[in-house]
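Single-structure report; data block below.
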Amino acid sequence: MTNPPTILVFDSGLGGLTVLREVVAARPDAHFAYVADDAFFPYGHHSEDEIIARVVPLMGELIRTHDPDIVVIACNTASTLVLSHLRATYSVPFVGTVPAIKPACAQSRTRRVSVLGTKGTVKREYTKALIRDFAQGCEVTLVGSPELASLAEAELSGASVSDGDILAELAPCFVGEDATSRTDTVVLACTHYPLLLDRLKRLAPWPVDWIDPAPAIARRVSDLLGPRIGGIAQAGAEMIFTSNRVHGLSATLTPFFGGRALA
């Protein structure tokens with residue numbers, strides 16, 4: 001019998017769980033290893049050179065340990081900086097996460113789109129190039145949030161996060177007053193942010209479409225792996241923190257792994 005494929009999902013912290021959830025749903029036949037580089041979290045507090053120097057050799061260690069069939073970089077910051085280096089260094093296929101500017105601008109009716117990301121992601125040339133190539137006449141507002149990723153991690157870990165703290169990060173996305181010309185689409189350009197999606201929707205000054213790239217990433221992963229080889233894999237799943245801390249979050253994390261027990 002053919003062994004189930006192994007999918008390694010990598011993020012700076014717990015935000016990539018929002019991508020993992022979609023990939024697990026698309027490929028229940030696979031074994032999953034989720035790696036949170038919490039020893040270096042948050043990436044936004046480090047320089048571009050520091051992140052590259054950190055992630056490229058770390059990925060080599062993870063590939064040797066887990067022998068994945070495919071690696072998902074479930075982090076916008078790491079993808080925009082490191083993906084080209086990883087593909088040049090390792091032969092395993094990589095799927096990255098980049099701001100979903102193209103689909104957001106394609107569907108916007110008011111032609112006003114906001115990109116909510118980390119401060120590093122929104123200032124990166126990669127993001128600006130996506131706007132130049134795919135804005136399709138839309139006015140795109142870049143919003144660099146200094147704290148929202150950390151707030152998402154805190155809430156998932158059971159800490160209390162105030163509406164005011166979230167709204168302070170969110171408010172700059174909402175531009176304009178008239179319903180025909182104000183922001184109608186917000187790109188979630190950090191995989192942590194969908195962890196707070198219910199609260200983002202509730203706190204938004206007016207309804208908008210929220211663009212989460214996770215379903216598209218899952219489809220891409222499944223296409224690259226090819227047809228499923230069976231039903232739900234019996235191999236379970238692994239959760240690894242680079243700090244080697246014991247997460248103590250099994251009940252919280254299990255739904256992201258499709259109900260599997262974590263090794």
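So you can find residues: chains in the structure tokens are A, B, ... in the order shown, residues in each start at 1, and ligands are numbered from 1 in order.
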
Residues near Gly16 in chain A, cut-off 10 Å, only C-alpha atoms, skip fewer than 4 positions along chain, as a ChimeraX atom specification: /A:9-12,20-21,34-36,72-76,97,190-195,214,256

Would you give me, as a tab-separated table, each residue of range 117-158 of chain A having an atom within 12 Å of an atom of range 198-203 of chain A, along with its shortest atom pair and that distance in Å to one decimal, using only C-alpha atoms and sorting by chain and residue number?
```
residue	atom	partner	partner_atom	distance
A:Leu148	CA	A:Leu200	CA	10.7
A:Leu151	CA	A:Arg199	CA	11.7
A:Ala152	CA	A:Arg199	CA	10.5
A:Glu155	CA	A:Arg199	CA	11.0
```

Could you write those residues out with C-alpha atoms, as a short mmCIF file (atom, residue, chain, number, x, y, z; two decimals), in the first residue's frame?
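To be explicit, this is the file written out as out_29.cif:
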```
data_model
loop_
_atom_site.label_atom_id
_atom_site.label_comp_id
_atom_site.auth_asym_id
_atom_site.auth_seq_id
_atom_site.Cartn_x
_atom_site.Cartn_y
_atom_site.Cartn_z
CA LEU A 148 -2.85 42.09 15.39
CA LEU A 151 -3.44 39.59 19.59
CA ALA A 152 -4.61 36.60 17.53
CA GLU A 155 -6.75 34.94 22.02
#
```

Residues near Glu125 in chain A, cut-off 12 Å, only C-alpha atoms, skip fewer than 5 positions along chain, as an MDAnalysis selection string: chainID A and resid 48 77 80:81 120 130:132

Expected answer as a PyMOL selection string: strand (DSSP E) residues in range 61-237 of chain A: chain A and resi 70-73+94-95+112-118+139-145+185-189+209-211+237

Only C-alpha atoms, please: the residues just picked out, written as a CSV table (one decimal), in the first residue's frame.
```
chain,number,residue,atom,x,y,z
A,70,ILE,CA,5.4,19.2,0.0
A,71,VAL,CA,6.0,22.3,2.2
A,72,VAL,CA,3.5,25.1,2.8
A,73,ILE,CA,5.0,28.4,3.9
A,94,PHE,CA,7.0,24.7,-1.8
A,95,VAL,CA,3.6,26.5,-1.8
A,112,ARG,CA,-11.5,50.5,-3.1
A,113,VAL,CA,-9.5,47.7,-1.4
A,114,SER,CA,-7.5,47.5,1.8
A,115,VAL,CA,-4.6,45.2,2.5
A,116,LEU,CA,-4.3,44.4,6.2
A,117,GLY,CA,-0.9,42.8,6.9
A,118,THR,CA,2.1,43.1,9.2
A,139,GLU,CA,-7.4,52.3,-5.1
A,140,VAL,CA,-5.4,50.0,-2.7
A,141,THR,CA,-4.8,51.1,0.9
A,142,LEU,CA,-1.9,49.3,2.7
A,143,VAL,CA,-2.4,49.0,6.4
A,144,GLY,CA,0.5,47.7,8.5
A,145,SER,CA,-0.7,46.3,11.8
A,185,THR,CA,-12.9,44.4,0.3
A,186,VAL,CA,-10.2,43.7,2.9
A,187,VAL,CA,-7.3,41.4,2.1
A,188,LEU,CA,-6.2,39.4,5.2
A,189,ALA,CA,-2.4,39.5,4.4
A,209,ASP,CA,-15.7,41.1,1.9
A,210,TRP,CA,-12.8,39.5,3.7
A,211,ILE,CA,-10.3,37.7,1.5
A,237,ALA,CA,-0.4,14.8,13.1
```

Thr254 in chain A environment, 12 Å, only C-alpha atoms, sequence neighbours closer than 6 positions dropped, as JSON, numbers by chain: {"A": [17, 20, 21, 24, 34, 236, 237, 238, 239, 248, 260, 261, 262, 263]}

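Backbone DSSP of range 211-261 of chain A yields alpha helix (DSSP H) at A:Ala214, A:Pro215, A:Ala216, A:Ile217, A:Ala218, A:Arg219, A:Arg220, A:Val221, A:Ser222, A:Asp223, A:Leu224, A:Leu225, A:Ser250, A:Ala251, A:Thr252, A:Leu253.
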
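Atom pair CA of Gly158 in chain A / CA of Glu22 in chain A: separated by 22.6 Å.
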
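For the choices A:Trp206, A:Phe32, A:Tyr90, A:Phe257, the atom-to-atom distance to Met59 in chain A is smallest for A:Tyr90 when using only C-alpha atoms.
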